[in-house]
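Chemist: Next comes the structure file model_38.pdb, holding PDB, N, CA and C atoms and all ligand atoms.
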```
ATOM      1  N   MET A 109      76.041 130.706  25.052
ATOM      2  CA  MET A 109      74.931 129.736  25.021
ATOM      3  C   MET A 109      75.301 128.505  25.835
ATOM      4  N   ALA A 110      76.478 127.957  25.520
ATOM      5  CA  ALA A 110      76.922 126.776  26.253
ATOM      6  C   ALA A 110      77.099 127.103  27.740
ATOM      7  N   ASP A 111      77.587 128.315  28.010
ATOM      8  CA  ASP A 111      77.772 128.720  29.404
ATOM      9  C   ASP A 111      76.449 128.701  30.153
ATOM     10  N   GLU A 112      75.392 129.152  29.469
ATOM     11  CA  GLU A 112      74.091 129.205  30.143
ATOM     12  C   GLU A 112      73.606 127.807  30.502
ATOM     13  N   ILE A 113      73.839 126.872  29.601
ATOM     14  CA  ILE A 113      73.417 125.492  29.879
ATOM     15  C   ILE A 113      74.201 124.940  31.065
ATOM     16  N   ASP A 114      75.508 125.200  31.070
ATOM     17  CA  ASP A 114      76.337 124.760  32.198
ATOM     18  C   ASP A 114      75.807 125.321  33.505
ATOM     19  N   ARG A 115      75.476 126.599  33.471
ATOM     20  CA  ARG A 115      75.022 127.242  34.703
ATOM     21  C   ARG A 115      73.713 126.606  35.173
ATOM     22  N   ALA A 116      72.823 126.314  34.228
ATOM     23  CA  ALA A 116      71.554 125.694  34.589
ATOM     24  C   ALA A 116      71.799 124.316  35.203
ATOM     25  N   ASN A 117      72.731 123.579  34.641
ATOM     26  CA  ASN A 117      73.047 122.258  35.186
ATOM     27  C   ASN A 117      73.637 122.361  36.586
ATOM     28  N   ASP A 118      74.543 123.329  36.775
ATOM     29  CA  ASP A 118      75.127 123.536  38.094
ATOM     30  C   ASP A 118      74.040 123.831  39.121
ATOM     31  N   GLN A 119      73.077 124.658  38.695
ATOM     32  CA  GLN A 119      72.021 125.043  39.619
ATOM     33  C   GLN A 119      71.142 123.844  39.983
ATOM     34  N   ALA A 120      70.822 123.041  38.971
ATOM     35  CA  ALA A 120      70.008 121.859  39.220
ATOM     36  C   ALA A 120      70.740 120.923  40.183
ATOM     37  N   GLU A 121      72.043 120.742  39.938
ATOM     38  CA  GLU A 121      72.864 119.904  40.805
ATOM     39  C   GLU A 121      72.858 120.442  42.235
ATOM     40  N   TYR A 122      72.981 121.767  42.352
ATOM     41  CA  TYR A 122      73.017 122.409  43.662
ATOM     42  C   TYR A 122      71.721 122.154  44.429
ATOM     43  N   PHE A 123      70.601 122.345  43.746
ATOM     44  CA  PHE A 123      69.324 122.163  44.443
ATOM     45  C   PHE A 123      69.092 120.701  44.817
ATOM     46  N   LEU A 124      69.585 119.804  43.956
ATOM     47  CA  LEU A 124      69.466 118.376  44.260
ATOM     48  C   LEU A 124      70.248 118.050  45.529
ATOM     49  N   GLN A 125      71.465 118.580  45.619
ATOM     50  CA  GLN A 125      72.291 118.323  46.800
ATOM     51  C   GLN A 125      71.621 118.879  48.060
ATOM     52  N   MET A 126      71.060 120.083  47.941
ATOM     53  CA  MET A 126      70.397 120.696  49.090
ATOM     54  C   MET A 126      69.228 119.829  49.549
ATOM     55  N   ALA A 127      68.453 119.333  48.591
ATOM     56  CA  ALA A 127      67.296 118.512  48.928
ATOM     57  C   ALA A 127      67.746 117.222  49.610
ATOM     58  N   LEU A 128      68.829 116.622  49.093
ATOM     59  CA  LEU A 128      69.335 115.388  49.678
ATOM     60  C   LEU A 128      69.797 115.619  51.108
ATOM     61  N   GLN A 129      70.513 116.723  51.321
ATOM     62  CA  GLN A 129      71.027 117.003  52.661
ATOM     63  C   GLN A 129      69.896 117.246  53.642
ATOM     64  N   ARG A 130      68.852 117.947  53.155
ATOM     65  CA  ARG A 130      67.714 118.199  54.042
ATOM     66  C   ARG A 130      67.061 116.883  54.443
ATOM     67  N   GLN A 131      66.967 115.966  53.475
ATOM     68  CA  GLN A 131      66.345 114.671  53.747
ATOM     69  C   GLN A 131      67.185 113.876  54.753
ATOM     70  N   LEU A 132      68.516 113.908  54.562
ATOM     71  CA  LEU A 132      69.399 113.194  55.476
ATOM     72  C   LEU A 132      69.239 113.716  56.889
ATOM     73  N   ARG A 133      69.189 115.038  57.032
ATOM     74  CA  ARG A 133      69.069 115.617  58.364
ATOM     75  C   ARG A 133      67.761 115.207  59.012
ATOM     76  N   ALA A 134      66.682 115.189  58.216
ATOM     77  CA  ALA A 134      65.372 114.844  58.762
ATOM     78  C   ALA A 134      65.365 113.396  59.255
ATOM     79  N   ASN A 135      66.097 112.525  58.541
ATOM     80  CA  ASN A 135      66.108 111.120  58.930
ATOM     81  C   ASN A 135      67.007 110.855  60.128
ATOM     82  N   ALA A 136      68.021 111.709  60.319
ATOM     83  CA  ALA A 136      69.003 111.453  61.372
ATOM     84  C   ALA A 136      68.491 111.952  62.709
ATOM     85  N   LYS A 137      67.525 111.252  63.256
ATOM     86  CA  LYS A 137      67.066 111.651  64.589
ATOM     87  C   LYS A 137      67.944 110.986  65.632
ATOM     88  N   PRO A 138      68.121 111.626  66.781
ATOM     89  CA  PRO A 138      69.028 111.076  67.783
ATOM     90  C   PRO A 138      68.506 109.776  68.375
ATOM     91  N   SER A 139      69.428 108.894  68.742
ATOM     92  CA  SER A 139      69.043 107.647  69.387
ATOM     93  C   SER A 139      68.545 107.919  70.795
ATOM     94  N   ALA A 140      67.597 107.106  71.235
ATOM     95  CA  ALA A 140      67.126 107.211  72.608
ATOM     96  C   ALA A 140      68.186 106.668  73.560
ATOM     97  N   GLN A 141      68.303 107.246  74.732
ATOM     98  CA  GLN A 141      69.248 106.738  75.727
ATOM     99  C   GLN A 141      68.578 105.739  76.652
ATOM    100  N   ILE A 142      67.268 105.851  76.744
ATOM    101  CA  ILE A 142      66.468 104.930  77.564
ATOM    102  C   ILE A 142      65.471 104.225  76.652
ATOM    103  N   CYS A 143      65.345 102.923  76.840
ATOM    104  CA  CYS A 143      64.423 102.154  76.019
ATOM    105  C   CYS A 143      62.989 102.660  76.209
ATOM    106  N   GLU A 144      62.287 102.860  75.101
ATOM    107  CA  GLU A 144      60.918 103.359  75.183
ATOM    108  C   GLU A 144      59.974 102.331  75.781
ATOM    109  N   ASP A 145      60.300 101.060  75.629
ATOM    110  CA  ASP A 145      59.372 100.015  76.042
ATOM    111  C   ASP A 145      59.593  99.561  77.484
ATOM    112  N   CYS A 146      60.858  99.389  77.899
ATOM    113  CA  CYS A 146      61.100  98.824  79.231
ATOM    114  C   CYS A 146      61.879  99.776  80.148
ATOM    115  N   ASP A 147      62.207 100.982  79.673
ATOM    116  CA  ASP A 147      62.892 101.994  80.472
ATOM    117  C   ASP A 147      64.285 101.590  80.939
ATOM    118  N   GLU A 148      64.861 100.574  80.287
ATOM    119  CA  GLU A 148      66.253 100.217  80.572
ATOM    120  C   GLU A 148      67.165 101.132  79.765
ATOM    121  N   PRO A 149      68.355 101.460  80.310
ATOM    122  CA  PRO A 149      69.294 102.251  79.524
ATOM    123  C   PRO A 149      69.767 101.494  78.291
ATOM    124  N   ILE A 150      69.874 102.181  77.163
ATOM    125  CA  ILE A 150      70.358 101.568  75.928
ATOM    126  C   ILE A 150      71.875 101.744  75.880
ATOM    127  N   PRO A 151      72.622 100.653  75.660
ATOM    128  CA  PRO A 151      74.086 100.759  75.614
ATOM    129  C   PRO A 151      74.538 101.805  74.592
ATOM    130  N   ALA A 152      75.599 102.560  74.961
ATOM    131  CA  ALA A 152      76.083 103.627  74.079
ATOM    132  C   ALA A 152      76.454 103.082  72.705
ATOM    133  N   LEU A 153      76.994 101.870  72.674
ATOM    134  CA  LEU A 153      77.406 101.281  71.400
ATOM    135  C   LEU A 153      76.200 101.104  70.480
ATOM    136  N   ARG A 154      75.111 100.627  71.068
ATOM    137  CA  ARG A 154      73.893 100.445  70.254
ATOM    138  C   ARG A 154      73.372 101.797  69.781
ATOM    139  N   GLN A 155      73.421 102.797  70.645
ATOM    140  CA  GLN A 155      72.967 104.126  70.234
ATOM    141  C   GLN A 155      73.741 104.625  69.025
ATOM    142  N   GLN A 156      75.047 104.305  69.000
ATOM    143  CA  GLN A 156      75.879 104.779  67.892
ATOM    144  C   GLN A 156      75.645 103.943  66.637
ATOM    145  N   LEU A 157      75.514 102.632  66.825
ATOM    146  CA  LEU A 157      75.397 101.744  65.661
ATOM    147  C   LEU A 157      74.029 101.879  65.016
ATOM    148  N   VAL A 158      72.987 101.980  65.837
ATOM    149  CA  VAL A 158      71.623 102.053  65.311
ATOM    150  C   VAL A 158      71.125 103.480  65.483
ATOM    151  N   ALA A 159      71.438 104.323  64.495
ATOM    152  CA  ALA A 159      71.041 105.728  64.589
ATOM    153  C   ALA A 159      69.530 105.834  64.677
ATOM    154  N   GLY A 160      69.050 106.556  65.677
ATOM    155  CA  GLY A 160      67.623 106.756  65.816
ATOM    156  C   GLY A 160      66.908 105.601  66.496
ATOM    157  N   CYS A 161      67.675 104.712  67.166
ATOM    158  CA  CYS A 161      67.025 103.577  67.822
ATOM    159  C   CYS A 161      66.172 104.078  68.988
ATOM    160  N   GLU A 162      65.087 103.369  69.259
ATOM    161  CA  GLU A 162      64.154 103.785  70.300
ATOM    162  C   GLU A 162      64.113 102.811  71.465
ATOM    163  N   THR A 163      64.597 101.608  71.251
ATOM    164  CA  THR A 163      64.448 100.564  72.257
ATOM    165  C   THR A 163      65.759  99.810  72.450
ATOM    166  N   CYS A 164      65.839  99.021  73.521
ATOM    167  CA  CYS A 164      66.975  98.143  73.722
ATOM    168  C   CYS A 164      66.880  96.961  72.745
ATOM    169  N   VAL A 165      67.912  96.125  72.727
ATOM    170  CA  VAL A 165      67.962  95.043  71.740
ATOM    171  C   VAL A 165      66.782  94.096  71.912
ATOM    172  N   SER A 166      66.487  93.703  73.163
ATOM    173  CA  SER A 166      65.444  92.692  73.345
ATOM    174  C   SER A 166      64.070  93.240  72.985
ATOM    175  N   CYS A 167      63.816  94.517  73.324
ATOM    176  CA  CYS A 167      62.518  95.090  72.946
ATOM    177  C   CYS A 167      62.422  95.268  71.442
ATOM    178  N   GLN A 168      63.557  95.596  70.807
ATOM    179  CA  GLN A 168      63.539  95.713  69.351
ATOM    180  C   GLN A 168      63.167  94.379  68.725
ATOM    181  N   GLU A 169      63.717  93.294  69.298
ATOM    182  CA  GLU A 169      63.383  91.964  68.770
ATOM    183  C   GLU A 169      61.905  91.669  68.953
ATOM    184  N   LEU A 170      61.385  92.031  70.115
ATOM    185  CA  LEU A 170      59.951  91.826  70.362
ATOM    186  C   LEU A 170      59.121  92.599  69.336
ATOM    187  N   ARG A 171      59.510  93.862  69.109
ATOM    188  CA  ARG A 171      58.770  94.690  68.155
ATOM    189  C   ARG A 171      58.792  94.057  66.773
ATOM    190  N   GLU A 172      59.972  93.559  66.381
ATOM    191  CA  GLU A 172      60.081  92.997  65.034
ATOM    192  C   GLU A 172      59.292  91.703  64.919
ATOM    193  N   ARG A 173      59.203  90.974  66.028
ATOM    194  CA  ARG A 173      58.439  89.731  65.992
ATOM    195  C   ARG A 173      56.949  90.035  65.849
ATOM    196  N   HIS A 174      56.518  91.128  66.521
ATOM    197  CA  HIS A 174      55.099  91.482  66.434
ATOM    198  C   HIS A 174      54.753  92.135  65.105
ATOM    199  N   ALA A 175      55.762  92.735  64.466
ATOM    200  CA  ALA A 175      55.489  93.495  63.245
ATOM    201  C   ALA A 175      55.107  92.587  62.078
TER     202      ALA A 175
HETATM  203 ZN    ZN B   1      63.733  97.538  76.282
END
```
Go through the file and emit its structure as structure tokens.
Ligand SMILES: [Zn+2]
Modeler:
Amino acid sequence: MADEIDRANDQAEYFLQMALQRQLRANAKPSAQICEDCDEPIPALRQQLVAGCETCVSCQELRERHA
């Protein structure tokens, strides 16, 4: 009886982990190498630091100011 409960808990834990990993993968989109707004190359450091960035620093600031 106790074994069955343990197994159910393990399974719930397993599915939770799978769901979390799927979500992480979906969010981890690659950084753009060229700014979407001004077509300037985005520094490699920024690409690494800001995962999924779409713009260079100055365009990002402009976007945030307009937002
Ligand atoms: Zn830009």
Chemist: Collect all residues with atoms no farther than 6 Å from ligand ZN 1 (chain B), counting all atoms listed in the file, and output them as an MDAnalysis selection string.
Modeler: chainID A and resid 143:148 163:168
Chemist: Using the chain letters and numbers from this file, what does the PyMOL selection byres (((chain A and resi 151 and name CA) around 12) and not hetatm and name CA) select? Give the answer as a short mmCIF file (atom, residue, chain, number, x, y, z; two decimals) with N, CA and C atoms, keeping the file's coordinate frame.
Modeler:
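expr-v3.cif was written with the following content:
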```cif
data_model
loop_
_atom_site.label_atom_id
_atom_site.label_comp_id
_atom_site.auth_asym_id
_atom_site.auth_seq_id
_atom_site.Cartn_x
_atom_site.Cartn_y
_atom_site.Cartn_z
N SER A 139 69.43 108.89 68.74
CA SER A 139 69.04 107.65 69.39
C SER A 139 68.54 107.92 70.80
N ALA A 140 67.60 107.11 71.24
CA ALA A 140 67.13 107.21 72.61
C ALA A 140 68.19 106.67 73.56
N GLN A 141 68.30 107.25 74.73
CA GLN A 141 69.25 106.74 75.73
C GLN A 141 68.58 105.74 76.65
N ILE A 142 67.27 105.85 76.74
CA ILE A 142 66.47 104.93 77.56
C ILE A 142 65.47 104.22 76.65
N CYS A 143 65.34 102.92 76.84
CA CYS A 143 64.42 102.15 76.02
C CYS A 143 62.99 102.66 76.21
N GLU A 148 64.86 100.57 80.29
CA GLU A 148 66.25 100.22 80.57
C GLU A 148 67.17 101.13 79.76
N PRO A 149 68.36 101.46 80.31
CA PRO A 149 69.29 102.25 79.52
C PRO A 149 69.77 101.49 78.29
N ILE A 150 69.87 102.18 77.16
CA ILE A 150 70.36 101.57 75.93
C ILE A 150 71.88 101.74 75.88
N ALA A 152 75.60 102.56 74.96
CA ALA A 152 76.08 103.63 74.08
C ALA A 152 76.45 103.08 72.70
N LEU A 153 76.99 101.87 72.67
CA LEU A 153 77.41 101.28 71.40
C LEU A 153 76.20 101.10 70.48
N ARG A 154 75.11 100.63 71.07
CA ARG A 154 73.89 100.44 70.25
C ARG A 154 73.37 101.80 69.78
N GLN A 155 73.42 102.80 70.64
CA GLN A 155 72.97 104.13 70.23
C GLN A 155 73.74 104.62 69.03
N GLN A 156 75.05 104.30 69.00
CA GLN A 156 75.88 104.78 67.89
C GLN A 156 75.64 103.94 66.64
N LEU A 157 75.51 102.63 66.82
CA LEU A 157 75.40 101.74 65.66
C LEU A 157 74.03 101.88 65.02
N VAL A 158 72.99 101.98 65.84
CA VAL A 158 71.62 102.05 65.31
C VAL A 158 71.12 103.48 65.48
N CYS A 161 67.68 104.71 67.17
CA CYS A 161 67.03 103.58 67.82
C CYS A 161 66.17 104.08 68.99
N GLU A 162 65.09 103.37 69.26
CA GLU A 162 64.15 103.78 70.30
C GLU A 162 64.11 102.81 71.46
N THR A 163 64.60 101.61 71.25
CA THR A 163 64.45 100.56 72.26
C THR A 163 65.76 99.81 72.45
N CYS A 164 65.84 99.02 73.52
CA CYS A 164 66.97 98.14 73.72
C CYS A 164 66.88 96.96 72.74
N VAL A 165 67.91 96.12 72.73
CA VAL A 165 67.96 95.04 71.74
C VAL A 165 66.78 94.10 71.91
#
```
Chemist: Would you mind reading off the distance between atom N of Leu170 in chain A and atom N of Lys137 in chain A, one decimal, in Å?
Modeler: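 According to the coordinates, atom N of Leu170 in chain A and atom N of Lys137 in chain A are separated by 21.3 Å.
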Chemist: Give me, please, the distance in Å between CA of Gly160 in chain A and atom N of Glu172 in chain A, quoted to one decimal.
Modeler: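 For CA of Gly160 in chain A relative to atom N of Glu172 in chain A, the distance reads 15.3 Å.
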Chemist: Name the residues in contact with Ala136 in chain A at a cut-off of 8 Å, using only N, CA and C atoms, excluding same-chain residues fewer than 5 positions from it; report them as a tab-separated table (two decimals) with N, CA and C atoms, in the coordinates of the input.
Modeler:
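Ended up saving to result.tsv:
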```
chain	number	residue	atom	x	y	z
A	130	ARG	N	68.85	117.95	53.16
A	130	ARG	CA	67.71	118.20	54.04
A	130	ARG	C	67.06	116.88	54.44
A	131	GLN	N	66.97	115.97	53.48
A	131	GLN	CA	66.34	114.67	53.75
A	131	GLN	C	67.18	113.88	54.75
A	159	ALA	N	71.44	104.32	64.50
A	159	ALA	CA	71.04	105.73	64.59
A	159	ALA	C	69.53	105.83	64.68
A	160	GLY	N	69.05	106.56	65.68
A	160	GLY	CA	67.62	106.76	65.82
A	160	GLY	C	66.91	105.60	66.50
```
Chemist: May I ask for the distance between atom N of Met126 in chain A and atom C of Asp114 in chain A, given in Å to one decimal place?
Modeler: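 Between atom N of Met126 in chain A and atom C of Asp114 in chain A the gap is 16.1 Å.
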Chemist: Write out as AutoDock Vina command-line options an axis-aligned box for range 153-170 of chain A: all of its atoms listed in the file, 4 Å added on each side, centre and edge lengths in Å with one decimal.
Modeler:
```
--center_x 68.3 --center_y 99.2 --center_z 69.1 --size_x 26.3 --size_y 23.1 --size_z 17.2
```
Chemist: Just range 115-156 of chain A from the block, C-alpha atoms, as a compact mmCIF listing (two decimals), in the first residue's frame, could you?
Modeler:
```txt
# COMPACT_ATOMS: atom_id res chain seq x y z
CA ARG A 115 5.08 5.25 -6.82
CA ALA A 116 2.23 7.68 -7.43
CA ASN A 117 4.26 10.49 -5.88
CA ASP A 118 7.30 9.61 -7.99
CA GLN A 119 5.14 9.71 -11.09
CA ALA A 120 3.63 13.06 -10.20
CA GLU A 121 7.12 14.43 -9.55
CA TYR A 122 8.30 13.03 -12.89
CA PHE A 123 5.52 14.65 -14.87
CA LEU A 124 6.05 17.94 -13.06
CA GLN A 125 9.73 17.91 -14.01
CA MET A 126 8.88 17.09 -17.63
CA ALA A 127 6.41 19.96 -17.78
CA LEU A 128 8.94 22.36 -16.28
CA GLN A 129 11.64 21.33 -18.74
CA ARG A 130 9.28 21.72 -21.67
CA GLN A 131 8.41 25.22 -20.47
CA LEU A 132 12.09 26.14 -20.06
CA ARG A 133 12.88 24.97 -23.58
CA ALA A 134 9.97 26.94 -25.03
CA ASN A 135 11.18 30.11 -23.30
CA ALA A 136 14.82 29.67 -24.30
CA LYS A 137 14.67 31.11 -27.77
CA PRO A 138 17.98 32.02 -29.37
CA SER A 139 19.22 35.60 -29.23
CA ALA A 140 19.17 37.60 -32.43
CA GLN A 141 22.58 38.34 -33.95
CA ILE A 142 21.30 41.41 -35.77
CA CYS A 143 19.14 44.05 -34.14
CA GLU A 144 15.55 43.79 -35.34
CA ASP A 145 15.06 47.54 -35.23
CA CYS A 146 18.25 49.08 -36.66
CA ASP A 147 19.99 46.07 -38.31
CA GLU A 148 23.18 46.65 -36.32
CA PRO A 149 25.04 43.55 -35.14
CA ILE A 150 24.32 42.70 -31.49
CA PRO A 151 27.50 42.16 -29.43
CA ALA A 152 28.11 38.49 -28.61
CA LEU A 153 28.27 39.33 -24.91
CA ARG A 154 24.78 40.82 -24.99
CA GLN A 155 23.49 37.80 -26.90
CA GLN A 156 24.80 35.57 -24.12
```
